[in-house]
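Visitor: Below is one structure. I have some questions about it.
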Protein chains: 2
Amino acid sequence: MEKIVEQTLLYDFYGELLTERQQQVYESVVLEDYSLSEVAEELGISRQGVHDMIKRCNHTLEEYEGKLHLVEKFLSIREQVRRIKQIAATYQAQEITEISNEILEEL
Amino acid sequence: MEKIVEQTLLYDFYGELLTERQQQVYESVVLEDYSLSEVAEELGISRQGVHDMIKRCNHTLEEYEGKLHLVEKFLSIREQVRRIKQIAATYQAQEITEISNEILEEL
C-alpha cells in the first residue's frame, strides 16, 4: 500500500488517540500537504521539531494497529463487500447493492 | 445492550490496550466469571483492589470507544451483513451467502 494511503487509514482509525496538538500537526503535514517549514513557522517550533512529531505520530499509530489490527480487519471486510456488490449486480439484487453501498460508505 | 455483552465487545476491540495485568484480571472476572474474592486471593491483593481494577478497566475501554466508536461501527455493519444474507437467500445467491458468512465470522 502507498505510504500516504496507509498513513491516512491509520489516522482515520486511531487519530483520535493522538493529542490535539499532534492531530493538528499531522493533519497539516500528512493530510493537507503543508510543508514542514510552513507548519514549523506557524507553531513557532523548528522544522526538525515538526519532523520528529510526525515520526512519533506514525510510530504511535502503527503501534495501535500492531495491537488492534482494525485497519487490516476493515480492509478485508471492504474487499468482501465489494465482491458482494459485484455478484449482486449479476443477480440484479438491487437491495443488496444498496446495503453494500451503505456499508462501503461507513467503512 | 446487556452489560456483559457490551463489556465483552469493548474488551474484544480494545483489550490489547490494557496492561497485561489488567487483561488477566479482566478476563478472570468479566469473561470467565471468577469471583472478586477468588481473583483477589490469587493475586494477593484485596477484594476491593480487584473491584477497583475492573472499574478502571471499564472506564478505560469506554474511553477508547468514546473516541474511536469502532464497536458502534462494527455492530452496524454486522446488522447490515445479516440483512444482506437474508436477502441473498431469497435470490438463492449462494456466493453472497458464503461471503456474508465469512464477514460475520471476522466481525
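Just so we're on the same page: first chain in the C-alpha cells is A, next is B, and so on; residues restart at 1 for each chain, and ligands are numbered from 1 in the order they show up.
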With 7 Å as the limit and counting only C-alpha atoms, what residues in chain A lie close to chain B? Please list them as a PyMOL selection string.
Guide: chain A and resi 13-14+16+67-68+77+80+84+96+99+103
Visitor: Go ahead and align chain B to chain A (same sequence, so just pair every C-alpha in order, least squares) and export the moved chain as an mmCIF file with C-alpha atoms, in the first residue's frame.
Guide:
```cif
data_model
loop_
_atom_site.group_PDB
_atom_site.id
_atom_site.type_symbol
_atom_site.label_atom_id
_atom_site.label_comp_id
_atom_site.auth_asym_id
_atom_site.auth_seq_id
_atom_site.Cartn_x
_atom_site.Cartn_y
_atom_site.Cartn_z
ATOM 1 C CA MET B 1 0.004 0.024 0.004
ATOM 2 C CA GLU B 2 1.182 3.538 -0.702
ATOM 3 C CA LYS B 3 2.639 5.216 2.367
ATOM 4 C CA ILE B 4 0.220 8.150 2.254
ATOM 5 C CA VAL B 5 -2.827 5.879 1.907
ATOM 6 C CA GLU B 6 -1.630 3.819 4.820
ATOM 7 C CA GLN B 7 -0.986 6.904 6.946
ATOM 8 C CA THR B 8 -4.436 8.278 6.140
ATOM 9 C CA LEU B 9 -6.122 5.015 7.051
ATOM 10 C CA LEU B 10 -4.213 4.700 10.306
ATOM 11 C CA TYR B 11 -5.066 8.289 11.152
ATOM 12 C CA ASP B 12 -8.750 7.711 10.305
ATOM 13 C CA PHE B 13 -8.897 4.865 12.758
ATOM 14 C CA TYR B 14 -6.641 5.951 15.581
ATOM 15 C CA GLY B 15 -6.107 9.695 15.110
ATOM 16 C CA GLU B 16 -8.416 10.517 18.021
ATOM 17 C CA LEU B 17 -5.939 8.826 20.328
ATOM 18 C CA LEU B 18 -3.233 11.381 19.511
ATOM 19 C CA THR B 19 -3.088 14.644 21.467
ATOM 20 C CA GLU B 20 -4.871 17.648 19.996
ATOM 21 C CA ARG B 21 -1.577 19.273 19.045
ATOM 22 C CA GLN B 22 -0.345 16.083 17.397
ATOM 23 C CA GLN B 23 -3.591 15.856 15.430
ATOM 24 C CA GLN B 24 -3.213 19.441 14.273
ATOM 25 C CA VAL B 25 0.350 18.917 13.038
ATOM 26 C CA TYR B 26 -0.381 15.536 11.506
ATOM 27 C CA GLU B 27 -3.363 16.843 9.579
ATOM 28 C CA SER B 28 -1.444 19.844 8.268
ATOM 29 C CA VAL B 29 1.593 17.906 7.091
ATOM 30 C CA VAL B 30 0.266 14.492 6.110
ATOM 31 C CA LEU B 31 -3.314 15.123 5.051
ATOM 32 C CA GLU B 32 -3.246 18.728 3.852
ATOM 33 C CA ASP B 33 0.262 18.592 2.477
ATOM 34 C CA TYR B 34 1.681 21.736 4.099
ATOM 35 C CA SER B 35 5.471 21.763 4.190
ATOM 36 C CA LEU B 36 7.370 21.087 7.401
ATOM 37 C CA SER B 37 8.723 24.658 7.261
ATOM 38 C CA GLU B 38 5.267 26.201 6.952
ATOM 39 C CA VAL B 39 3.934 24.251 9.913
ATOM 40 C CA ALA B 40 7.099 24.920 11.900
ATOM 41 C CA GLU B 41 6.724 28.644 11.359
ATOM 42 C CA GLU B 42 3.060 28.629 12.325
ATOM 43 C CA LEU B 43 3.733 26.755 15.557
ATOM 44 C CA GLY B 44 6.933 28.616 16.337
ATOM 45 C CA ILE B 45 9.009 25.447 16.574
ATOM 46 C CA SER B 46 11.889 24.124 14.458
ATOM 47 C CA ARG B 47 11.447 22.256 11.194
ATOM 48 C CA GLN B 48 13.193 19.315 12.857
ATOM 49 C CA GLY B 49 10.688 19.519 15.710
ATOM 50 C CA VAL B 50 7.788 19.107 13.286
ATOM 51 C CA HIS B 51 9.582 16.270 11.550
ATOM 52 C CA ASP B 52 10.079 14.481 14.863
ATOM 53 C CA MET B 53 6.430 14.956 15.829
ATOM 54 C CA ILE B 54 5.257 13.359 12.587
ATOM 55 C CA LYS B 55 7.651 10.490 13.067
ATOM 56 C CA ARG B 56 6.410 9.965 16.625
ATOM 57 C CA CYS B 57 2.767 10.120 15.475
ATOM 58 C CA ASN B 58 3.415 7.504 12.783
ATOM 59 C CA HIS B 59 5.071 5.298 15.359
ATOM 60 C CA THR B 60 2.136 5.681 17.768
ATOM 61 C CA LEU B 61 -0.461 4.983 15.069
ATOM 62 C CA GLU B 62 1.451 1.909 13.910
ATOM 63 C CA GLU B 63 1.670 0.704 17.475
ATOM 64 C CA TYR B 64 -2.116 0.875 17.831
ATOM 65 C CA GLU B 65 -2.545 -1.048 14.586
ATOM 66 C CA GLY B 66 0.015 -3.595 15.734
ATOM 67 C CA LYS B 67 -2.130 -4.239 18.801
ATOM 68 C CA LEU B 68 -5.662 -3.903 17.421
ATOM 69 C CA HIS B 69 -5.360 -4.787 13.677
ATOM 70 C CA LEU B 70 -8.538 -2.837 12.928
ATOM 71 C CA VAL B 71 -7.311 -1.292 9.690
ATOM 72 C CA GLU B 72 -6.360 -4.757 8.457
ATOM 73 C CA LYS B 73 -9.803 -6.068 9.428
ATOM 74 C CA PHE B 74 -11.530 -3.127 7.796
ATOM 75 C CA LEU B 75 -9.620 -3.528 4.508
ATOM 76 C CA SER B 76 -10.520 -7.181 4.370
ATOM 77 C CA ILE B 77 -14.225 -6.476 4.973
ATOM 78 C CA ARG B 78 -14.233 -3.703 2.381
ATOM 79 C CA GLU B 79 -12.835 -6.136 -0.181
ATOM 80 C CA GLN B 80 -15.495 -8.726 0.648
ATOM 81 C CA VAL B 81 -18.339 -6.206 0.463
ATOM 82 C CA ARG B 82 -17.086 -5.103 -2.945
ATOM 83 C CA ARG B 83 -17.226 -8.705 -4.108
ATOM 84 C CA ILE B 84 -20.781 -9.020 -2.779
ATOM 85 C CA LYS B 85 -21.715 -5.902 -4.716
ATOM 86 C CA GLN B 86 -20.293 -7.314 -7.946
ATOM 87 C CA ILE B 87 -22.140 -10.594 -7.529
ATOM 88 C CA ALA B 88 -25.379 -8.809 -6.544
ATOM 89 C CA ALA B 89 -25.286 -7.054 -9.906
ATOM 90 C CA THR B 90 -25.392 -10.377 -11.751
ATOM 91 C CA TYR B 91 -28.506 -11.345 -9.741
ATOM 92 C CA GLN B 92 -29.990 -7.863 -10.211
ATOM 93 C CA ALA B 93 -30.420 -7.904 -6.437
ATOM 94 C CA GLN B 94 -30.933 -4.187 -5.991
ATOM 95 C CA GLU B 95 -31.498 -4.309 -2.211
ATOM 96 C CA ILE B 96 -28.161 -6.028 -1.719
ATOM 97 C CA THR B 97 -26.406 -3.452 -3.870
ATOM 98 C CA GLU B 98 -27.936 -0.672 -1.752
ATOM 99 C CA ILE B 99 -26.920 -2.182 1.567
ATOM 100 C CA SER B 100 -23.426 -2.846 0.192
ATOM 101 C CA ASN B 101 -23.145 0.806 -0.756
ATOM 102 C CA GLU B 102 -24.258 1.837 2.730
ATOM 103 C CA ILE B 103 -21.574 -0.352 4.264
ATOM 104 C CA LEU B 104 -18.887 0.936 1.905
ATOM 105 C CA GLU B 105 -19.773 4.503 2.868
ATOM 106 C CA GLU B 106 -19.411 3.688 6.535
ATOM 107 C CA LEU B 107 -16.104 1.888 6.123
#
```
Visitor: Among the residues of segment 34-66 of chain A, find those DSSP assigns to alpha helix (DSSP H) from the backbone and print them as a ChimeraX atom specification.
Guide: /A:36-43,47-66
Visitor: Using only C-alpha atoms, please write the residues we just selected to a file, as a JSON list (two decimals), in the first residue's frame.
Guide:
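For reference, result-v4.json as written:
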```
[["chain", "number", "residue", "atom", "x", "y", "z"],
["A", 36, "LEU", "CA", 7.36, 21.13, 7.40],
["A", 37, "SER", "CA", 8.70, 24.69, 7.26],
["A", 38, "GLU", "CA", 5.24, 26.22, 6.94],
["A", 39, "VAL", "CA", 3.91, 24.27, 9.92],
["A", 40, "ALA", "CA", 7.07, 24.94, 11.91],
["A", 41, "GLU", "CA", 6.70, 28.65, 11.35],
["A", 42, "GLU", "CA", 3.04, 28.66, 12.30],
["A", 43, "LEU", "CA", 3.71, 26.80, 15.54],
["A", 47, "ARG", "CA", 11.42, 22.29, 11.18],
["A", 48, "GLN", "CA", 13.18, 19.36, 12.84],
["A", 49, "GLY", "CA", 10.65, 19.53, 15.69],
["A", 50, "VAL", "CA", 7.76, 19.12, 13.27],
["A", 51, "HIS", "CA", 9.57, 16.28, 11.52],
["A", 52, "ASP", "CA", 10.07, 14.49, 14.85],
["A", 53, "MET", "CA", 6.42, 14.96, 15.81],
["A", 54, "ILE", "CA", 5.24, 13.36, 12.56],
["A", 55, "LYS", "CA", 7.65, 10.49, 13.05],
["A", 56, "ARG", "CA", 6.40, 9.95, 16.60],
["A", 57, "CYS", "CA", 2.76, 10.11, 15.46],
["A", 58, "ASN", "CA", 3.41, 7.50, 12.77],
["A", 59, "HIS", "CA", 5.05, 5.31, 15.34],
["A", 60, "THR", "CA", 2.13, 5.67, 17.76],
["A", 61, "LEU", "CA", -0.46, 4.98, 15.05],
["A", 62, "GLU", "CA", 1.45, 1.89, 13.89],
["A", 63, "GLU", "CA", 1.68, 0.69, 17.46],
["A", 64, "TYR", "CA", -2.12, 0.87, 17.83],
["A", 65, "GLU", "CA", -2.56, -1.06, 14.59],
["A", 66, "GLY", "CA", 0.02, -3.60, 15.74]]
```
